[in-house]
file coords-v6.cif (mmCIF, C-alpha atoms)
data_start
loop_
_atom_site.label_atom_id
_atom_site.label_comp_id
_atom_site.auth_asym_id
_atom_site.auth_seq_id
_atom_site.Cartn_x
_atom_site.Cartn_y
_atom_site.Cartn_z
CA MET A 1 111.92 85.39 63.53
CA LYS A 2 108.84 87.61 63.27
CA TRP A 3 107.53 86.18 66.50
CA LEU A 4 110.84 86.90 68.29
CA ARG A 5 110.91 90.44 66.90
CA ARG A 6 107.41 91.16 68.16
CA LYS A 7 108.31 89.74 71.55
CA ASP A 8 111.35 92.03 71.79
CA GLU A 9 109.28 95.06 70.78
CA ASN A 10 106.66 94.30 73.44
CA SER A 11 109.32 93.83 76.13
CA SER A 12 110.82 97.26 75.30
CA LYS A 13 107.52 99.09 75.87
CA PRO A 14 107.34 100.98 79.19
CA SER A 15 105.00 99.66 81.87
CA ILE A 16 101.86 101.53 82.92
CA GLU A 17 103.55 102.52 86.19
CA GLN A 18 106.42 104.14 84.27
CA LEU A 19 103.96 106.03 82.06
CA GLN A 20 102.04 107.22 85.13
CA VAL A 21 105.22 108.45 86.85
CA GLU A 22 106.39 110.30 83.71
CA LYS A 23 103.00 111.93 83.09
CA LEU A 24 102.58 112.83 86.80
CA THR A 25 106.03 114.46 86.77
CA GLN A 26 105.12 116.53 83.69
CA LEU A 27 101.76 117.63 85.08
CA GLY A 28 103.17 118.29 88.56
CA ASN A 29 105.98 120.49 87.19
CA LYS A 30 103.43 122.46 85.16
CA LEU A 31 101.09 122.98 88.13
CA GLY A 32 103.94 123.84 90.51
CA SER A 33 105.45 126.40 88.11
CA LEU A 34 102.06 128.05 87.49
CA ARG A 35 101.37 128.19 91.24
CA GLN A 36 104.67 129.96 91.87
CA GLU A 37 104.05 132.38 88.98
CA GLN A 38 100.73 133.35 90.58
CA GLY A 39 102.44 133.94 93.96
CA LEU A 40 100.43 131.28 95.78
CA SER A 41 101.76 128.99 98.51
CA LEU A 42 100.78 125.35 99.00
CA ASP A 43 98.89 126.35 102.15
CA GLU A 44 96.78 128.79 100.12
CA ILE A 45 96.01 126.03 97.59
CA VAL A 46 94.95 123.79 100.52
CA VAL A 47 92.36 126.43 101.52
CA MET A 48 91.11 126.81 97.93
CA THR A 49 90.92 123.08 97.04
CA ARG A 50 90.57 121.44 100.50
CA ILE A 51 93.21 118.89 99.43
CA PRO A 52 95.77 117.88 102.13
CA ARG A 53 99.16 119.57 101.71
CA ARG A 54 101.13 116.30 101.44
CA LEU A 55 99.02 115.21 98.42
CA LEU A 56 99.59 118.57 96.66
CA HIS A 57 103.32 118.25 97.32
CA ALA A 58 103.34 114.67 95.99
CA ILE A 59 101.64 115.83 92.75
CA GLU A 60 104.15 118.64 92.20
CA THR A 61 107.14 116.35 92.86
CA GLY A 62 105.74 113.40 90.87
CA ASP A 63 105.78 111.11 93.92
CA LEU A 64 103.36 108.35 92.90
CA ASN A 65 104.05 106.31 96.05
CA ASP A 66 102.51 108.97 98.33
CA LEU A 67 99.28 109.21 96.30
CA PRO A 68 96.08 107.06 96.25
CA GLU A 69 94.72 105.01 93.33
CA PRO A 70 95.10 106.48 89.79
CA ILE A 71 91.40 107.33 89.51
CA TYR A 72 91.69 109.42 92.71
CA ILE A 73 94.84 111.08 91.37
CA GLN A 74 92.86 112.29 88.33
CA GLY A 75 90.36 113.97 90.65
CA LEU A 76 93.12 115.65 92.68
CA ILE A 77 94.83 116.95 89.52
CA ARG A 78 91.49 118.33 88.27
CA GLN A 79 90.84 120.26 91.52
CA PHE A 80 94.45 121.55 91.62
CA ALA A 81 94.28 122.78 88.01
CA ASP A 82 90.83 124.39 88.48
CA ALA A 83 92.17 126.42 91.43
CA LEU A 84 94.94 127.82 89.17
CA GLY A 85 92.48 128.82 86.44
CA LEU A 86 93.18 125.88 84.09
CA LYS A 87 90.75 123.41 82.52
CA GLY A 88 91.06 120.78 85.22
CA ALA A 89 89.08 118.01 83.54
CA GLU A 90 91.07 118.28 80.32
CA LEU A 91 94.42 118.28 82.14
CA ALA A 92 93.47 115.39 84.44
CA SER A 93 92.42 113.21 81.48
CA LYS A 94 96.07 113.15 80.34
CA PHE A 95 97.02 111.06 83.38
CA PRO A 96 96.75 107.36 82.39
CA LEU A 97 94.61 105.09 84.54
CA GLY A 98 96.02 101.81 83.23
CA SER A 99 94.82 98.94 81.05
CA GLN A 100 91.32 98.59 82.48
CA GLN A 101 89.47 98.06 79.22
CA VAL A 102 87.02 95.27 78.49
CA SER A 103 87.68 93.43 75.24
CA LEU A 104 84.57 92.31 73.31
CA GLN A 105 84.48 89.98 70.28
CA SER A 106 83.66 91.72 67.01
CA SER A 107 81.25 89.01 65.87
CA TRP A 108 78.16 88.56 68.01
CA GLN A 109 77.46 85.09 69.31
CA PRO A 110 74.94 83.96 71.92
CA LYS A 111 76.73 83.17 75.20
CA PRO A 112 75.61 81.28 78.27
CA VAL A 113 74.71 83.33 81.32
CA ALA A 114 77.73 81.95 83.22
CA GLN A 115 80.17 83.60 80.74
CA LEU A 116 78.68 87.05 81.36
CA ARG A 117 79.51 87.06 85.06
CA PRO A 118 83.02 88.63 84.72
CA LEU A 119 81.45 91.58 82.90
CA HIS A 120 78.93 92.00 85.69
CA LEU A 121 81.73 91.95 88.23
CA TYR A 122 83.60 94.59 86.23
CA LEU A 123 80.55 96.88 86.23
CA LEU A 124 80.16 96.34 89.96
CA TYR A 125 83.82 97.23 90.43
CA ILE A 126 83.34 100.49 88.49
CA PHE A 127 80.30 101.32 90.66
CA LEU A 128 82.29 100.72 93.85
CA ILE A 129 85.10 102.97 92.60
CA ILE A 130 82.63 105.80 91.88
CA CYS A 131 81.12 105.45 95.37
CA SER A 132 84.61 105.45 96.92
CA VAL A 133 85.58 108.65 95.06
CA ASN A 134 82.42 110.40 96.25
CA GLY A 135 82.99 109.24 99.81
CA LEU A 136 86.61 110.40 99.81
CA SER A 137 85.63 113.80 98.38
CA GLN A 138 82.95 114.32 101.04
CA LEU A 139 85.40 113.29 103.78
CA LEU A 140 88.06 115.74 102.57
CA ASN A 141 85.49 118.53 102.22
CA LYS A 142 84.16 117.91 105.74
CA ALA A 143 87.67 117.97 107.26
CA ALA A 144 88.56 121.18 105.41
CA LEU A 145 85.28 122.82 106.44
CA GLN A 146 85.91 122.00 110.11
CA ALA A 147 89.42 123.47 109.88
CA ASN A 148 88.01 126.62 108.24
CA ASN A 149 85.39 127.02 110.96
CA GLN A 150 88.05 126.71 113.68
CA ASN A 151 90.23 129.34 111.98
CA GLN A 152 87.29 131.71 111.61
CA GLN A 153 86.35 131.26 115.28
CA LYS A 154 89.93 132.06 116.33
CA ALA A 155 89.98 135.12 114.04
CA GLU A 156 86.66 136.36 115.45
CA SER A 157 87.91 135.81 119.01
CA ASN A 158 91.09 137.80 118.28
CA SER A 159 89.00 140.50 116.63
CA ASP A 160 86.77 140.80 119.74
CA VAL A 161 89.80 141.15 122.04
CA THR A 162 91.32 143.78 119.74
CA THR A 163 88.04 145.71 119.66
CA GLU A 164 87.80 145.76 123.46
CA ARG A 165 91.38 147.03 123.77
CA LEU A 166 90.76 149.77 121.21
CA GLN A 167 87.59 150.86 123.03
CA ALA A 168 89.47 151.06 126.36
CA ASN A 169 92.20 153.16 124.75
CA GLU A 170 89.65 155.49 123.19
CA LEU A 171 88.11 156.20 126.62
CA GLN A 172 91.52 157.36 127.91
CA LYS A 173 92.23 159.71 124.99
CA THR A 174 91.26 163.37 124.84
CA GLN A 175 88.74 164.60 122.29
CA PHE A 176 91.52 166.14 120.24
CA SER A 177 93.66 163.00 120.05
CA SER A 178 90.55 160.93 119.31
CA SER A 179 89.60 163.06 116.32
CA THR A 180 93.20 163.03 115.06
CA SER A 181 93.32 159.23 115.18
CA GLU A 182 90.00 159.02 113.38
CA ASP A 183 91.28 161.28 110.61
CA LYS A 184 94.26 158.95 110.07
CA ALA A 185 92.21 155.73 110.04
CA VAL A 186 91.62 153.86 106.77
CA GLU A 187 88.57 151.82 105.79
CA ILE A 188 88.05 149.51 102.82
CA GLY A 189 84.98 147.77 101.48
CA VAL A 190 85.01 144.80 99.08
CA THR A 191 82.18 143.48 96.90
CA LEU A 192 82.57 140.09 95.17
CA LYS A 193 81.59 139.96 91.48
CA SER A 194 82.56 136.27 91.50
CA SER A 195 83.68 133.77 94.15
CA SER A 196 87.30 134.57 95.11
CA TRP A 197 89.89 133.82 97.78
CA LEU A 198 90.84 136.83 99.97
CA ARG A 199 93.33 137.62 102.74
CA VAL A 200 92.97 140.89 104.68
CA VAL A 201 95.70 142.08 107.07
CA ALA A 202 94.98 145.12 109.28
CA ASP A 203 97.87 146.70 111.20
CA GLY A 204 99.93 143.50 110.84
CA LYS A 205 97.15 141.14 111.98
CA THR A 206 95.21 138.80 109.67
CA GLU A 207 91.54 139.81 109.95
CA PHE A 208 90.22 137.39 107.31
CA GLU A 209 91.49 134.58 105.08
CA GLY A 210 89.20 132.37 103.01
CA VAL A 211 86.85 132.17 100.02
CA LEU A 212 83.93 134.61 99.77
CA PRO A 213 81.00 133.72 97.48
CA GLU A 214 79.69 135.91 94.66
CA GLY A 215 77.66 138.90 95.88
CA SER A 216 79.38 139.11 99.30
CA HIS A 217 80.21 142.55 100.79
CA ARG A 218 82.63 143.07 103.70
CA ASN A 219 84.26 146.10 105.39
CA TRP A 220 87.54 146.37 107.34
CA LYS A 221 89.26 149.26 109.16
CA ALA A 222 92.82 149.91 110.32
CA SER A 223 94.58 152.71 112.15
CA GLU A 224 97.87 152.36 110.24
CA GLU A 225 97.77 150.05 107.19
CA LEU A 226 95.48 147.59 105.38
CA THR A 227 96.68 144.88 102.97
CA VAL A 228 94.33 142.98 100.64
CA LYS A 229 95.43 139.97 98.55
CA THR A 230 93.26 137.91 96.15
CA ASN A 231 93.73 135.17 93.55
CA ASN A 232 91.07 136.66 91.24
CA ALA A 233 91.60 140.44 91.00
CA GLY A 234 88.92 140.81 88.31
CA GLY A 235 86.24 139.41 90.61
CA VAL A 236 86.79 141.90 93.47
CA LEU A 237 85.56 145.52 93.64
CA MET A 238 87.33 147.54 96.37
CA SER A 239 86.51 151.01 97.74
CA VAL A 240 88.81 153.08 99.98
CA ASN A 241 87.29 155.37 102.63
CA GLN A 242 83.80 155.01 101.09
CA GLN A 243 84.94 156.19 97.66
CA LYS A 244 83.72 154.74 94.36
CA PRO A 245 84.61 150.99 94.16
CA LYS A 246 87.26 149.94 91.61
CA GLN A 247 88.26 146.55 90.24
CA MET A 248 91.48 145.27 91.84
CA GLY A 249 92.92 143.96 88.56
CA LYS A 250 92.47 141.38 85.81
CA THR A 251 90.32 138.26 86.09
CA GLY A 252 92.19 135.18 87.34
CA LYS A 253 95.29 137.18 88.35
CA VAL A 254 96.85 137.35 91.82
CA GLU A 255 96.92 140.91 93.18
CA GLU A 256 98.05 142.42 96.49
CA ILE A 257 97.28 146.05 97.46
CA ARG A 258 98.60 147.93 100.53
CA ILE A 259 96.85 151.09 101.75
CA ALA A 260 98.36 153.34 104.43
CA ALA A 261 96.17 155.20 106.92
CA LYS A 262 97.41 158.56 105.63
CA PHE A 263 96.17 157.64 102.12
CA ARG A 264 93.84 160.20 100.63
CA SER A 265 92.96 160.43 96.93
#
call {"tool": "encode", "arguments": {"input": "coords-v6.cif", "output": "structure tokens"}}
result
Amino acid sequence: MKWLRRKDENSSKPSIEQLQVEKLTQLGNKLGSLRQEQGLSLDEIVVMTRIPRRLLHAIETGDLNDLPEPIYIQGLIRQFADALGLKGAELASKFPLGSQQVSLQSSWQPKPVAQLRPLHLYLLYIFLIICSVNGLSQLLNKAALQANNQNQQKAESNSDVTTERLQANELQKTQFSSSTSEDKAVEIGVTLKSSSWLRVVADGKTEFEGVLPEGSHRNWKASEELTVKTNNAGGVLMSVNQQKPKQMGKTGKVEEIRIAAKFRS
């Protein structure tokens, strides 16, 4: 009877796949809710983490079938959580990897060399997994970097065309109209106290979108309106029309500031 009772208890325990789906659903809901609270889209998280959009969506919806091996899923959860300001390693450790433990006998006994081979194979398997994770990470980073470079080249090309058009218009204006336009222009400068994601829109056109490292300094101008958005307001110092720089907000918070050309403090 005891044996039958234990058998029934074991059969009622959920499988590792069920545990993984439940835990992934919990973690995905938490990450998705926090992302929405911070006002970030999945595309913005793709830029920050360099993780493909379909994998981020699968994490948020708890879709285990559209994700790689569990050990890779832990790495993706860690990067996702880090981008939202959470402790990624601690959160990722809550996702179960499965029953991949090696059982050793409590009493030591000398064993033939042939009986140690499975353990050697297990260690080799762990080594191959680590190499695979590193390779996948480098591949994703390389693809994201190429996409970023293409976007920056397009933005620079658009900026050059816009500059040429503005210069041609300036040549056709009178001195009076030129000085009036200059008085209404607005200029901002940003200095990065810590690495942060930024998006700058000038007169309705995106002039920059990406991550700037700590210590960076950039300037932008607009004739009508400038909009600056960041995911780390405490790490960005912003000056308007060469005035004293001010911190955009609190550290780790999403902030968006719009400045009209007629703005004067």
call {"tool": "closest_residue", "arguments": {"input": "coords-v6.cif", "among": "A:Glu22, A:Glu44, A:Glu214, A:Asp203", "to": "Thr230 of chain A", "atoms": "all atoms listed in the file"}}
result
A:Glu44
call {"tool": "residues_around", "arguments": {"input": "coords-v6.cif", "residues": "Ser239 of chain A", "least_positions_apart": "3", "cutoff": "8 Å", "atoms": "all atoms listed in the file", "output": "list in words"}}
result
Ile188, Gly189, Val190, Gln242, Gln243, Lys244, Pro245 and Lys246 of chain A
call {"tool": "atom_distance", "arguments": {"input": "coords-v6.cif", "atom1": "atom CA of Ala260 of chain A", "atom2": "atom CA of Leu192 of chain A"}}
result
22.6 Å
call {"tool": "atom_distance", "arguments": {"input": "coords-v6.cif", "atom1": "atom CA of Lys23 of chain A", "atom2": "atom CA of Tyr72 of chain A"}}
result
15.1 Å
call {"tool": "closest_residue", "arguments": {"input": "coords-v6.cif", "among": "A:Ile73, A:Ala144, A:Leu139, A:Val240", "to": "Met48 of chain A", "atoms": "all atoms listed in the file"}}
result
A:Ala144
call {"tool": "atom_distance", "arguments": {"input": "coords-v6.cif", "atom1": "atom CA of Ala261 of chain A", "atom2": "atom CA of Ala233 of chain A"}}
result
22.2 Å
call {"tool": "resolve_selection", "arguments": {"input": "coords-v6.cif", "expression": "the PyMOL selection byres ((chain A and resi 196) around 9)", "output": "MDAnalysis selection string"}}
result
chainID A and resid 192:195 197:198 210:214 230:233 235:236
call {"tool": "resolve_selection", "arguments": {"input": "coords-v6.cif", "expression": "the PyMOL selection byres ((chain A and resi 35) around 12)", "output": "mmCIF file with C-alpha atoms, keeping the file's coordinate frame"}}
result
data_model
loop_
_atom_site.group_PDB
_atom_site.id
_atom_site.type_symbol
_atom_site.label_atom_id
_atom_site.label_comp_id
_atom_site.auth_asym_id
_atom_site.auth_seq_id
_atom_site.Cartn_x
_atom_site.Cartn_y
_atom_site.Cartn_z
ATOM 1 C CA GLY A 28 103.170 118.290 88.560
ATOM 2 C CA ASN A 29 105.980 120.490 87.190
ATOM 3 C CA LYS A 30 103.430 122.460 85.160
ATOM 4 C CA LEU A 31 101.090 122.980 88.130
ATOM 5 C CA GLY A 32 103.940 123.840 90.510
ATOM 6 C CA SER A 33 105.450 126.400 88.110
ATOM 7 C CA LEU A 34 102.060 128.050 87.490
ATOM 8 C CA GLN A 36 104.670 129.960 91.870
ATOM 9 C CA GLU A 37 104.050 132.380 88.980
ATOM 10 C CA GLN A 38 100.730 133.350 90.580
ATOM 11 C CA GLY A 39 102.440 133.940 93.960
ATOM 12 C CA LEU A 40 100.430 131.280 95.780
ATOM 13 C CA SER A 41 101.760 128.990 98.510
ATOM 14 C CA LEU A 42 100.780 125.350 99.000
ATOM 15 C CA ASP A 43 98.890 126.350 102.150
ATOM 16 C CA GLU A 44 96.780 128.790 100.120
ATOM 17 C CA ILE A 45 96.010 126.030 97.590
ATOM 18 C CA LEU A 56 99.590 118.570 96.660
ATOM 19 C CA HIS A 57 103.320 118.250 97.320
ATOM 20 C CA GLU A 60 104.150 118.640 92.200
ATOM 21 C CA PHE A 80 94.450 121.550 91.620
ATOM 22 C CA ALA A 81 94.280 122.780 88.010
ATOM 23 C CA ASP A 82 90.830 124.390 88.480
ATOM 24 C CA ALA A 83 92.170 126.420 91.430
ATOM 25 C CA LEU A 84 94.940 127.820 89.170
ATOM 26 C CA GLY A 85 92.480 128.820 86.440
ATOM 27 C CA LEU A 86 93.180 125.880 84.090
ATOM 28 C CA ASN A 231 93.730 135.170 93.550
ATOM 29 C CA LYS A 253 95.290 137.180 88.350
ATOM 30 C CA VAL A 254 96.850 137.350 91.820
#
call {"tool": "resolve_selection", "arguments": {"input": "coords-v6.cif", "expression": "the PyMOL selection byres ((chain A and resi 140-142) around 12)", "output": "compact mmCIF listing (two decimals) with C-alpha atoms, in the frame of the given file"}}
result
# COMPACT_ATOMS: atom_id res chain seq x y z
CA VAL A 46 94.95 123.79 100.52
CA VAL A 47 92.36 126.43 101.52
CA MET A 48 91.11 126.81 97.93
CA THR A 49 90.92 123.08 97.04
CA ARG A 50 90.57 121.44 100.50
CA ILE A 51 93.21 118.89 99.43
CA PRO A 52 95.77 117.88 102.13
CA ARG A 53 99.16 119.57 101.71
CA LEU A 55 99.02 115.21 98.42
CA LEU A 76 93.12 115.65 92.68
CA VAL A 133 85.58 108.65 95.06
CA ASN A 134 82.42 110.40 96.25
CA GLY A 135 82.99 109.24 99.81
CA LEU A 136 86.61 110.40 99.81
CA SER A 137 85.63 113.80 98.38
CA GLN A 138 82.95 114.32 101.04
CA LEU A 139 85.40 113.29 103.78
CA ALA A 143 87.67 117.97 107.26
CA ALA A 144 88.56 121.18 105.41
CA LEU A 145 85.28 122.82 106.44
CA GLN A 146 85.91 122.00 110.11
CA ALA A 147 89.42 123.47 109.88
CA ASN A 148 88.01 126.62 108.24
CA ASN A 149 85.39 127.02 110.96
call {"tool": "build_atoms", "arguments": {"input": "coords-v6.cif", "residues": "segment 214-225 of chain A", "atoms": "N, CA, C and O atoms", "output": "CSV table (one decimal), in the coordinates of the input"}}
result
chain,number,residue,atom,x,y,z
A,214,GLU,N,80.1,134.8,95.5
A,214,GLU,CA,79.7,135.9,94.7
A,214,GLU,C,78.6,136.7,95.4
A,214,GLU,O,77.7,136.2,96.0
A,215,GLY,N,78.7,138.0,95.3
A,215,GLY,CA,77.7,138.9,95.9
A,215,GLY,C,78.0,139.3,97.3
A,215,GLY,O,77.3,140.1,97.9
A,216,SER,N,79.0,138.8,97.9
A,216,SER,CA,79.4,139.1,99.3
A,216,SER,C,79.9,140.5,99.4
A,216,SER,O,80.5,141.1,98.4
A,217,HIS,N,79.7,141.2,100.5
A,217,HIS,CA,80.2,142.6,100.8
A,217,HIS,C,80.7,142.6,102.2
A,217,HIS,O,80.0,142.3,103.2
A,218,ARG,N,82.0,143.0,102.4
A,218,ARG,CA,82.6,143.1,103.7
A,218,ARG,C,83.4,144.4,103.8
A,218,ARG,O,83.9,144.9,102.8
A,219,ASN,N,83.5,144.9,105.1
A,219,ASN,CA,84.3,146.1,105.4
A,219,ASN,C,85.3,145.8,106.4
A,219,ASN,O,85.1,145.0,107.4
A,220,TRP,N,86.5,146.5,106.3
A,220,TRP,CA,87.5,146.4,107.3
A,220,TRP,C,88.2,147.8,107.6
A,220,TRP,O,88.2,148.6,106.7
A,221,LYS,N,88.6,148.0,108.8
A,221,LYS,CA,89.3,149.3,109.2
A,221,LYS,C,90.6,149.0,109.8
A,221,LYS,O,90.9,147.9,110.3
A,222,ALA,N,91.5,150.0,109.7
A,222,ALA,CA,92.8,149.9,110.3
A,222,ALA,C,93.3,151.3,110.7
A,222,ALA,O,92.9,152.3,110.0
A,223,SER,N,94.1,151.4,111.7
A,223,SER,CA,94.6,152.7,112.2
A,223,SER,C,95.9,153.1,111.4
A,223,SER,O,96.2,154.3,111.4
A,224,GLU,N,96.6,152.1,110.9
A,224,GLU,CA,97.9,152.4,110.2
A,224,GLU,C,97.9,151.9,108.8
A,224,GLU,O,98.2,152.7,107.9
A,225,GLU,N,97.6,150.6,108.5
A,225,GLU,CA,97.8,150.0,107.2
A,225,GLU,C,96.8,148.9,107.0
A,225,GLU,O,96.6,148.1,107.9
